[in-house]
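> Got a file for you: structure_8.cif, mmCIF, C-alpha atoms and all ligand atoms.
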```cif
data_input
#
loop_
_atom_site.label_atom_id
_atom_site.label_comp_id
_atom_site.auth_asym_id
_atom_site.auth_seq_id
_atom_site.Cartn_x
_atom_site.Cartn_y
_atom_site.Cartn_z
CA MET A 1 36.50 133.37 -28.95
CA ASN A 2 39.29 134.21 -31.38
CA GLY A 3 41.62 135.23 -28.57
CA GLU A 4 39.20 136.92 -26.17
CA PHE A 5 37.06 135.85 -23.25
CA VAL A 6 33.42 136.72 -23.85
CA ASP A 7 30.27 136.07 -21.84
CA GLU A 8 27.98 133.37 -23.13
CA LYS A 9 25.43 135.98 -24.26
CA ASP A 10 28.06 137.73 -26.35
CA ALA A 11 29.59 134.56 -27.79
CA ARG A 12 28.16 134.95 -31.28
CA ILE A 13 29.22 133.52 -34.60
CA SER A 14 28.62 135.14 -37.99
CA VAL A 15 25.86 133.76 -40.22
CA PHE A 16 28.55 133.79 -42.94
CA ASP A 17 30.80 131.42 -40.98
CA HIS A 18 31.26 128.27 -43.04
CA GLY A 19 31.17 126.18 -39.87
CA LEU A 20 27.49 127.11 -39.70
CA LEU A 21 26.73 127.33 -43.43
CA TYR A 22 28.41 124.05 -44.43
CA GLY A 23 29.55 122.23 -41.30
CA ASP A 24 33.04 123.11 -42.51
CA GLY A 25 35.17 122.77 -39.42
CA VAL A 26 36.44 120.42 -36.75
CA PHE A 27 35.94 120.04 -33.04
CA GLU A 28 36.93 118.24 -29.86
CA GLY A 29 35.20 117.37 -26.62
CA LEU A 30 37.41 117.10 -23.53
CA ARG A 31 36.80 116.76 -19.84
CA SER A 32 38.47 117.90 -16.68
CA TYR A 33 38.31 115.97 -13.44
CA GLY A 34 39.21 117.72 -10.18
CA GLY A 35 40.95 120.52 -12.07
CA ARG A 36 42.91 118.19 -14.36
CA ILE A 37 42.21 117.96 -18.08
CA PHE A 38 42.17 114.33 -19.10
CA LYS A 39 44.24 113.37 -22.16
CA LEU A 40 44.71 116.99 -23.23
CA GLU A 41 47.51 116.17 -25.64
CA GLU A 42 45.59 113.33 -27.32
CA HIS A 43 42.56 115.54 -27.94
CA VAL A 44 44.65 118.42 -29.27
CA GLU A 45 46.52 116.01 -31.55
CA ARG A 46 43.27 114.62 -32.91
CA LEU A 47 41.96 118.16 -33.50
CA TYR A 48 45.00 118.97 -35.64
CA ARG A 49 44.74 115.62 -37.46
CA SER A 50 41.07 116.31 -38.26
CA ALA A 51 42.01 119.82 -39.45
CA GLN A 52 44.84 118.47 -41.62
CA ALA A 53 42.42 116.00 -43.21
CA ILE A 54 40.11 118.82 -44.30
CA SER A 55 42.97 121.13 -45.32
CA LEU A 56 42.25 123.56 -42.52
CA LYS A 57 45.30 125.24 -41.08
CA ILE A 58 44.70 126.08 -37.43
CA PRO A 59 46.39 129.45 -36.98
CA VAL A 60 47.80 128.71 -33.51
CA SER A 61 50.41 126.19 -32.39
CA HIS A 62 49.59 123.00 -30.45
CA LYS A 63 51.18 124.58 -27.40
CA LYS A 64 49.11 127.74 -27.70
CA MET A 65 45.97 125.60 -28.11
CA HIS A 66 46.82 123.81 -24.83
CA GLY A 67 47.08 127.23 -23.19
CA ILE A 68 43.77 128.43 -24.63
CA ILE A 69 41.98 125.32 -23.35
CA CYS A 70 43.51 125.54 -19.86
CA ASP A 71 42.86 129.30 -19.63
CA THR A 72 39.19 128.80 -20.54
CA VAL A 73 38.69 126.22 -17.78
CA ARG A 74 40.47 128.51 -15.31
CA GLU A 75 38.52 131.60 -16.39
CA ASN A 76 35.28 129.68 -15.68
CA ASN A 77 36.60 128.47 -12.35
CA LEU A 78 35.69 124.88 -13.12
CA LYS A 79 37.10 121.72 -11.59
CA ASP A 80 34.90 119.12 -13.24
CA SER A 81 34.01 120.31 -16.69
CA TYR A 82 33.25 119.40 -20.25
CA ILE A 83 35.21 121.44 -22.76
CA ARG A 84 34.27 121.97 -26.39
CA VAL A 85 36.93 123.20 -28.80
CA VAL A 86 35.73 124.29 -32.23
CA VAL A 87 37.71 125.49 -35.22
CA THR A 88 35.67 126.50 -38.25
CA ARG A 89 36.76 127.49 -41.75
CA GLY A 90 35.75 131.02 -40.76
CA ILE A 91 33.76 133.77 -42.39
CA GLY A 92 33.37 133.64 -46.17
CA ASP A 93 30.68 134.33 -48.74
CA LEU A 94 27.68 132.21 -49.62
CA GLY A 95 29.69 129.94 -51.92
CA LEU A 96 31.25 126.87 -50.39
CA ASP A 97 34.79 127.58 -51.59
CA PRO A 98 37.06 127.49 -48.52
CA ARG A 99 39.48 129.86 -50.24
CA LYS A 100 36.95 132.61 -49.55
CA CYS A 101 37.49 132.18 -45.82
CA PRO A 102 40.78 133.87 -44.93
CA LYS A 103 40.70 133.28 -41.18
CA PRO A 104 39.50 130.24 -39.24
CA SER A 105 37.26 130.96 -36.24
CA ILE A 106 38.32 129.39 -32.95
CA PHE A 107 36.19 129.13 -29.88
CA VAL A 108 36.33 127.11 -26.70
CA ILE A 109 33.44 126.50 -24.31
CA ALA A 110 34.08 125.27 -20.77
CA SER A 111 30.86 123.99 -19.27
CA LYS A 112 29.22 120.83 -17.88
CA ILE A 113 27.66 117.81 -19.52
CA GLN A 114 25.72 114.80 -18.36
CA LEU A 115 24.68 112.61 -21.25
CA TYR A 116 22.93 109.92 -19.26
CA PRO A 117 21.40 109.91 -15.77
CA GLU A 118 23.60 108.14 -13.21
CA GLU A 119 21.25 105.13 -12.89
CA TYR A 120 22.09 104.02 -16.46
CA TYR A 121 25.68 103.30 -15.42
CA GLU A 122 24.09 100.45 -13.40
CA LYS A 123 21.07 99.61 -15.53
CA GLY A 124 22.72 99.92 -18.90
CA LEU A 125 21.40 101.52 -22.06
CA THR A 126 18.85 100.14 -24.48
CA VAL A 127 20.38 100.24 -27.94
CA VAL A 128 18.97 99.50 -31.40
CA THR A 129 20.72 99.04 -34.71
CA VAL A 130 19.69 101.86 -37.02
CA ALA A 131 19.11 101.68 -40.78
CA THR A 132 21.39 104.68 -41.38
CA ARG A 133 24.86 103.36 -42.20
CA ARG A 134 28.02 105.02 -40.92
CA ASN A 135 29.54 107.48 -43.39
CA LEU A 136 31.79 105.80 -45.93
CA THR A 137 35.49 106.11 -45.16
CA GLU A 138 35.99 107.00 -48.83
CA SER A 139 33.39 109.81 -48.67
CA LEU A 140 33.55 111.49 -45.27
CA ASP A 141 36.01 109.55 -43.16
CA PRO A 142 34.52 108.97 -39.69
CA ALA A 143 38.04 109.43 -38.30
CA ILE A 144 37.60 113.15 -38.98
CA LYS A 145 35.84 114.78 -36.05
CA SER A 146 34.13 117.35 -38.22
CA LEU A 147 31.23 119.74 -37.61
CA ASN A 148 29.18 117.65 -40.04
CA TYR A 149 27.38 115.34 -37.61
CA LEU A 150 24.17 114.69 -39.54
CA ASN A 151 25.05 111.02 -40.00
CA ASN A 152 25.12 110.66 -36.22
CA ILE A 153 22.08 112.87 -35.67
CA LEU A 154 19.98 110.88 -38.14
CA ALA A 155 21.01 107.73 -36.30
CA LYS A 156 20.10 109.30 -32.96
CA ILE A 157 16.67 110.31 -34.27
CA GLU A 158 16.07 106.75 -35.48
CA ALA A 159 17.09 105.32 -32.12
CA THR A 160 14.84 107.76 -30.26
CA ASN A 161 11.91 107.02 -32.57
CA ALA A 162 12.41 103.34 -31.85
CA GLY A 163 12.23 104.07 -28.09
CA ALA A 164 15.91 103.27 -27.49
CA MET A 165 18.53 105.38 -25.77
CA GLU A 166 21.29 104.85 -28.29
CA GLY A 167 21.70 103.82 -31.92
CA LEU A 168 24.26 101.36 -33.24
CA LEU A 169 25.63 102.22 -36.67
CA LEU A 170 26.91 99.54 -39.03
CA ASN A 171 29.31 100.26 -41.88
CA LYS A 172 28.45 99.52 -45.49
CA GLU A 173 29.68 95.90 -45.15
CA GLY A 174 27.33 95.40 -42.23
CA TYR A 175 29.99 95.28 -39.53
CA VAL A 176 29.60 97.27 -36.35
CA ALA A 177 31.13 100.76 -36.61
CA GLU A 178 30.12 102.67 -33.47
CA CYS A 179 27.22 104.36 -31.71
CA THR A 180 26.16 107.94 -32.40
CA GLY A 181 28.78 109.46 -30.10
CA GLU A 182 30.55 106.50 -28.52
CA ASN A 183 32.80 103.58 -29.44
CA VAL A 184 31.68 100.01 -28.76
CA PHE A 185 33.39 97.24 -26.78
CA VAL A 186 32.36 93.66 -26.08
CA VAL A 187 33.65 91.39 -23.35
CA TYR A 188 34.01 87.60 -23.56
CA GLY A 189 35.62 86.25 -20.39
CA ASN A 190 38.91 88.12 -20.15
CA VAL A 191 38.96 89.05 -23.83
CA LEU A 192 37.78 92.45 -25.03
CA ALA A 193 37.02 93.28 -28.64
CA THR A 194 36.30 96.57 -30.37
CA PRO A 195 35.91 97.40 -34.06
CA PRO A 196 39.07 98.70 -35.78
CA VAL A 197 39.07 102.38 -36.72
CA SER A 198 38.97 101.28 -40.39
CA SER A 199 35.46 99.90 -39.75
CA GLY A 200 34.16 103.47 -39.57
CA ALA A 201 34.77 104.27 -35.92
CA LEU A 202 36.18 107.51 -34.59
CA PRO A 203 39.62 106.86 -33.07
CA GLY A 204 38.14 107.62 -29.66
CA VAL A 205 40.44 108.92 -26.96
CA THR A 206 38.48 106.96 -24.34
CA ARG A 207 38.67 103.91 -26.61
CA GLY A 208 42.49 104.27 -26.65
CA VAL A 209 42.61 104.67 -22.88
CA VAL A 210 40.42 101.59 -22.36
CA ILE A 211 42.58 99.48 -24.68
CA THR A 212 45.78 100.44 -22.84
CA LEU A 213 44.26 100.25 -19.38
CA THR A 214 42.59 96.87 -19.84
CA ARG A 215 45.77 95.37 -21.30
CA GLU A 216 47.55 96.51 -18.14
CA MET A 217 44.75 94.90 -16.12
CA GLY A 218 45.46 91.57 -17.82
CA PHE A 219 42.73 91.52 -20.45
CA LYS A 220 43.46 90.52 -24.02
CA VAL A 221 42.16 93.19 -26.38
CA ASP A 222 41.36 92.54 -30.04
CA GLU A 223 40.61 95.21 -32.61
CA ARG A 224 38.56 93.28 -35.12
CA ASN A 225 35.41 93.41 -37.18
CA LEU A 226 32.34 92.66 -35.11
CA THR A 227 28.89 91.60 -36.23
CA ARG A 228 25.61 92.15 -34.44
CA TYR A 229 25.71 88.42 -33.61
CA ASP A 230 28.99 89.04 -31.75
CA LEU A 231 27.29 91.74 -29.70
CA TYR A 232 24.12 89.72 -29.01
CA ASN A 233 26.27 86.90 -27.63
CA ALA A 234 28.77 88.91 -25.61
CA ASP A 235 29.08 88.45 -21.84
CA GLU A 236 29.08 92.22 -21.56
CA CYS A 237 28.95 95.18 -23.89
CA PHE A 238 29.81 98.80 -23.09
CA LEU A 239 30.23 102.12 -24.86
CA THR A 240 33.09 104.59 -24.42
CA GLY A 241 33.28 108.33 -24.95
CA THR A 242 34.58 111.44 -23.24
CA ALA A 243 31.11 112.59 -22.20
CA ALA A 244 29.60 109.15 -21.50
CA GLU A 245 32.85 107.67 -20.08
CA ILE A 246 32.14 103.92 -19.86
CA ILE A 247 28.50 102.95 -19.94
CA PRO A 248 27.01 99.45 -20.18
CA VAL A 249 24.56 98.25 -22.81
CA SER A 250 21.62 96.31 -21.38
CA THR A 251 19.85 95.34 -24.59
CA LEU A 252 20.59 95.47 -28.30
CA ASP A 253 17.65 95.11 -30.69
CA GLY A 254 15.62 93.61 -27.85
CA ARG A 255 18.22 90.92 -27.02
CA ILE A 256 19.40 91.08 -23.42
CA ILE A 257 23.20 91.32 -23.33
CA GLY A 258 24.74 89.19 -20.60
CA SER A 259 22.93 89.73 -17.30
CA GLY A 260 21.09 92.78 -18.67
CA VAL A 261 22.73 95.16 -16.19
CA ALA A 262 26.30 96.43 -15.76
CA GLY A 263 28.51 93.32 -15.76
CA PRO A 264 31.42 92.79 -13.35
CA ARG A 265 34.14 93.56 -15.90
CA THR A 266 32.41 96.73 -17.05
CA VAL A 267 32.16 97.85 -13.41
CA GLU A 268 35.83 97.00 -12.83
CA ILE A 269 37.00 98.78 -16.00
CA ARG A 270 34.90 101.84 -15.23
CA ALA A 271 36.37 102.06 -11.73
CA ALA A 272 39.92 101.82 -13.09
CA PHE A 273 39.08 104.44 -15.72
CA ARG A 274 37.67 106.89 -13.17
CA LYS A 275 40.69 106.45 -10.92
CA LEU A 276 43.02 107.19 -13.83
CA ALA A 277 40.95 110.19 -14.94
CA LEU A 278 41.18 111.73 -11.47
CA GLU A 279 44.94 111.20 -11.16
CA ASP A 280 46.33 111.47 -14.62
CA GLY A 281 45.08 114.71 -16.19
CA TYR A 282 46.97 117.89 -16.93
CA PRO A 283 46.68 120.19 -13.88
CA VAL A 284 45.02 123.48 -14.79
CA TYR A 285 45.44 125.23 -11.45
CA SER A 286 49.08 124.53 -10.59
N1 LIG B 1 32.41 108.26 -31.83
C1 LIG B 1 31.88 109.44 -32.14
C2 LIG B 1 31.09 109.57 -33.39
C3 LIG B 1 32.10 110.54 -31.29
O1 LIG B 1 31.57 111.73 -31.61
C4 LIG B 1 32.85 110.36 -30.11
C5 LIG B 1 33.10 111.52 -29.20
N2 LIG B 1 31.96 112.07 -28.65
C6 LIG B 1 33.34 109.09 -29.81
C7 LIG B 1 33.13 108.07 -30.72
C8 LIG B 1 34.14 108.84 -28.58
O2 LIG B 1 35.38 109.48 -28.68
P1 LIG B 1 36.16 110.04 -27.41
O3 LIG B 1 36.40 108.88 -26.50
O4 LIG B 1 37.42 110.60 -27.96
O5 LIG B 1 35.29 111.06 -26.77
#
```
Would you mind writing the structure in this file as structure tokens?


Amino acid sequence: MNGEFVDEKDARISVFDHGLLYGDGVFEGLRSYGGRIFKLEEHVERLYRSAQAISLKIPVSHKKMHGIICDTVRENNLKDSYIRVVVTRGIGDLGLDPRKCPKPSIFVIASKIQLYPEEYYEKGLTVVTVATRRNLTESLDPAIKSLNYLNNILAKIEATNAGAMEGLLLNKEGYVAECTGENVFVVYGNVLATPPVSSGALPGVTRGVVITLTREMGFKVDERNLTRYDLYNADECFLTGTAAEIIPVSTLDGRIIGSGVAGPRTVEIRAAFRKLALEDGYPVYS
């Protein structure tokens, strides 16, 4: 926290921190596999892009931020970890004016995460379309990974209340944007499609990896607007995210997608992704 290692019980943030008072801040979620941080540079880049978009100057260099992230994983002696990097506007007064916050707060948590039990990587997730629309690009651009996640949380609550495991958010035009914490892909034969970032999707790091990887595997990948109809009629549908990795969708709004369990391409892509994640990351211990 702000340049020091502190025990979890002492990792405290001020009630005057605008990250807490107003959700004024940005964050990243990364993962390490076998002591290697996957796509470290991409995540750090996105953190700085999010910060730039909210006029938040992160008071350390990209390089220093790399070091802080690696040191935190090392300090916790973790090989396989989930890492949360948070930069808030910092401590101010009770007004929302960011100029009252002279120093951003930075903290990094190295821990573990399992979003979904292992069996769902076979069975697939039940997903429903929620009534809550994805934030408008012209209001709070979903490309900004900010601490203001109520849009996603409201969608998650709706999905849970409907008895589903995930919620699909549409944008204001009614096209598919993304799920509450994952990007969406559909598979038709050897063609993959995913909504463009301009549809209201986060430019997911996993999404980027899947696009590159599947092109190398010989798939054609389109970034285009998708409707619910496109998802209902896909051969396969899967979600991507750092925490969830690649997870199949079994049903959407009660329609069975494809075979209703992980399809062969999803299984193949997930295997290629896991192989890359184990080999490709930035080594923390050497
Ligand atoms: N969309 C949202 C809203 C997210 O919060 C995330 C990250 N959890 C994703 C998509 C997936 O992005 P990434 O692959 O970079 O984790």

> At most 7 Å is the cut-off: for each residue in chain A with any atom that close to an atom of ligand LIG 1 (chain B), write down the nearest atom pair and the distance in Å rounded to one decimal, counting only C-alpha atoms and all ligand atoms, chain first then increasing number, as a tab-separated table.


```
residue	atom	partner	partner_atom	distance
A:Gly29	CA	B:LIG1	O5	6.3
A:Lys145	CA	B:LIG1	O1	6.9
A:Asn152	CA	B:LIG1	C2	6.7
A:Glu178	CA	B:LIG1	N1	6.3
A:Cys179	CA	B:LIG1	N1	6.5
A:Thr180	CA	B:LIG1	C2	5.3
A:Gly181	CA	B:LIG1	C3	3.7
A:Glu182	CA	B:LIG1	C7	3.7
A:Asn183	CA	B:LIG1	C7	4.7
A:Ala201	CA	B:LIG1	N1	6.2
A:Leu202	CA	B:LIG1	N1	4.7
A:Pro203	CA	B:LIG1	O2	6.6
A:Gly204	CA	B:LIG1	O2	3.5
A:Val205	CA	B:LIG1	O4	3.6
A:Thr206	CA	B:LIG1	O3	3.6
A:Arg207	CA	B:LIG1	O3	5.5
A:Thr240	CA	B:LIG1	O3	5.8
A:Gly241	CA	B:LIG1	O3	3.5
A:Thr242	CA	B:LIG1	O5	3.6
A:Ala243	CA	B:LIG1	O5	6.4
```

> Please determine, counting all atoms listed in the file, which residue among A:Lys123, A:Arg84, A:Lys220, A:Arg134 has the shortest atom-to-atom distance to A:Ser250.

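For A:Ser250, the nearest of the candidates is A:Lys123.
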
> Which polymer residues have any atom within 8 Å of an atom of stretch 210-219 of chain A, counting all atoms listed in the file, with same-chain residues fewer than 2 positions away left out, as a short mmCIF file (atom, residue, chain, number, x, y, z; two decimals) with C-alpha atoms, in the coordinates of the input?


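out.cif written:
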```cif
data_model
loop_
_atom_site.label_atom_id
_atom_site.label_comp_id
_atom_site.auth_asym_id
_atom_site.auth_seq_id
_atom_site.Cartn_x
_atom_site.Cartn_y
_atom_site.Cartn_z
CA ASN A 190 38.91 88.12 -20.15
CA VAL A 191 38.96 89.05 -23.83
CA LEU A 192 37.78 92.45 -25.03
CA THR A 206 38.48 106.96 -24.34
CA ARG A 207 38.67 103.91 -26.61
CA GLY A 208 42.49 104.27 -26.65
CA VAL A 221 42.16 93.19 -26.38
CA ILE A 269 37.00 98.78 -16.00
CA ALA A 272 39.92 101.82 -13.09
CA PHE A 273 39.08 104.44 -15.72
#
```

> Tell me, as a CSV table (one decimal) with C-alpha atoms, in the coordinates of the input, which residues lie within 10 Å of stretch 72-76 of chain A, counting all atoms listed in the file; anything in the same chain fewer than 6 positions away does not count.


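In the end it all went to result_4.csv:
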```
chain,number,residue,atom,x,y,z
A,1,MET,CA,36.5,133.4,-29.0
A,4,GLU,CA,39.2,136.9,-26.2
A,5,PHE,CA,37.1,135.8,-23.2
A,31,ARG,CA,36.8,116.8,-19.8
A,32,SER,CA,38.5,117.9,-16.7
A,35,GLY,CA,41.0,120.5,-12.1
A,36,ARG,CA,42.9,118.2,-14.4
A,37,ILE,CA,42.2,118.0,-18.1
A,82,TYR,CA,33.2,119.4,-20.2
A,83,ILE,CA,35.2,121.4,-22.8
A,107,PHE,CA,36.2,129.1,-29.9
A,108,VAL,CA,36.3,127.1,-26.7
A,109,ILE,CA,33.4,126.5,-24.3
A,110,ALA,CA,34.1,125.3,-20.8
A,111,SER,CA,30.9,124.0,-19.3
A,284,VAL,CA,45.0,123.5,-14.8
A,285,TYR,CA,45.4,125.2,-11.4
```

> Choose the residue, out of A:Leu21, A:Asp97, A:Lys103, A:His66, that has the smallest atom-to-atom separation from A:Glu42; count all atoms listed in the file.

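Of A:Leu21, A:Asp97, A:Lys103, A:His66, the one nearest A:Glu42 is A:His66, counting all atoms listed in the file.
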
> Can you tell me how far atom CA of A:Ala53 sits from atom CA of A:Leu20, in Å to one decimal?

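Going from atom CA of A:Ala53 over to atom CA of A:Leu20 covers 18.9 Å.
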
> To one decimal place, how far is atom CA of A:Lys172 from atom CA of A:Leu115 in Å?

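These two atoms are separated by 27.8 Å.
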
> So which one's closest to A:Phe16, A:Asn2, A:Thr88, A:Thr160, A:Ser146? Using all atoms listed in the file, please.

A:Thr88

> Restricting the calculation to only C-alpha atoms, which member of A:Ile106, A:Leu125, A:Leu276, A:Ala159 is positioned closest to A:Pro59?

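That would be A:Ile106, the residue with the smallest distance to A:Pro59.
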
> Just how far from atom CA of A:Gly25 is atom CA of A:Arg89, in Å to one decimal?

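Computing it gives 5.5 Å between the two atoms.
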
> Identify the residues within 6 Å of coordinate (33.0, 96.8, -29.5) (same frame as the file), considering all atoms listed in the file, and give the answer as a PyMOL selection string.

chain A and resi 184-186+193-195

> Could you please take those selected residues and save C-alpha atoms as a PDB file, in the coordinates of the input?


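Output contents, as saved in out36.pdb:
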```pdb
ATOM      1  CA  VAL A 184      31.680 100.010 -28.760  1.00  0.00           C
ATOM      2  CA  PHE A 185      33.390  97.240 -26.780  1.00  0.00           C
ATOM      3  CA  VAL A 186      32.360  93.660 -26.080  1.00  0.00           C
ATOM      4  CA  ALA A 193      37.020  93.280 -28.640  1.00  0.00           C
ATOM      5  CA  THR A 194      36.300  96.570 -30.370  1.00  0.00           C
ATOM      6  CA  PRO A 195      35.910  97.400 -34.060  1.00  0.00           C
TER       7      PRO A 195
END
```

> Would you pick out the contacts of A:Val176 at 6 Å or less, using all atoms listed in the file, so that residues sharing its chain but fewer than 2 positions from it are not included, and give the list as number ranges by chain?

A: 170, 226-227

> Out of A:Thr137, A:Asn148, A:Thr129, A:Ser61, which residue has the shortest atom-to-atom distance to A:Gly23 when counting only C-alpha atoms?

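Counting only C-alpha atoms, the residue closest to A:Gly23 is A:Asn148.
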
> Excluding A:Pro196 and any residue of its chain fewer than 5 positions from it, enumerate the residues within 7 Å of it, using all atoms listed in the file, and give them as number ranges by chain.

A: 223-225

> Give me a file of those residues, with C-alpha atoms, as a PDB file, in the frame of the given file.


```
ATOM      1  CA  GLU A 223      40.610  95.210 -32.610  1.00  0.00           C
ATOM      2  CA  ARG A 224      38.560  93.280 -35.120  1.00  0.00           C
ATOM      3  CA  ASN A 225      35.410  93.410 -37.180  1.00  0.00           C
TER       4      ASN A 225
END
```

> With a distance cut-off of 9 Å and all atoms listed in the file, select the neighbouring residues of A:Ala262, excluding the residue or stretch itself and same-chain residues fewer than 6 positions from it, and output the selection as a PyMOL selection string.

chain A and resi 120-124+236-238+247-250

> Using all atoms listed in the file, can you tell me which of A:Val130, A:Gly34, A:Ile91, A:Ala143 comes closest to A:Asp280?

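Comparing A:Val130, A:Gly34, A:Ile91, A:Ala143 against A:Asp280, the winner is A:Gly34.
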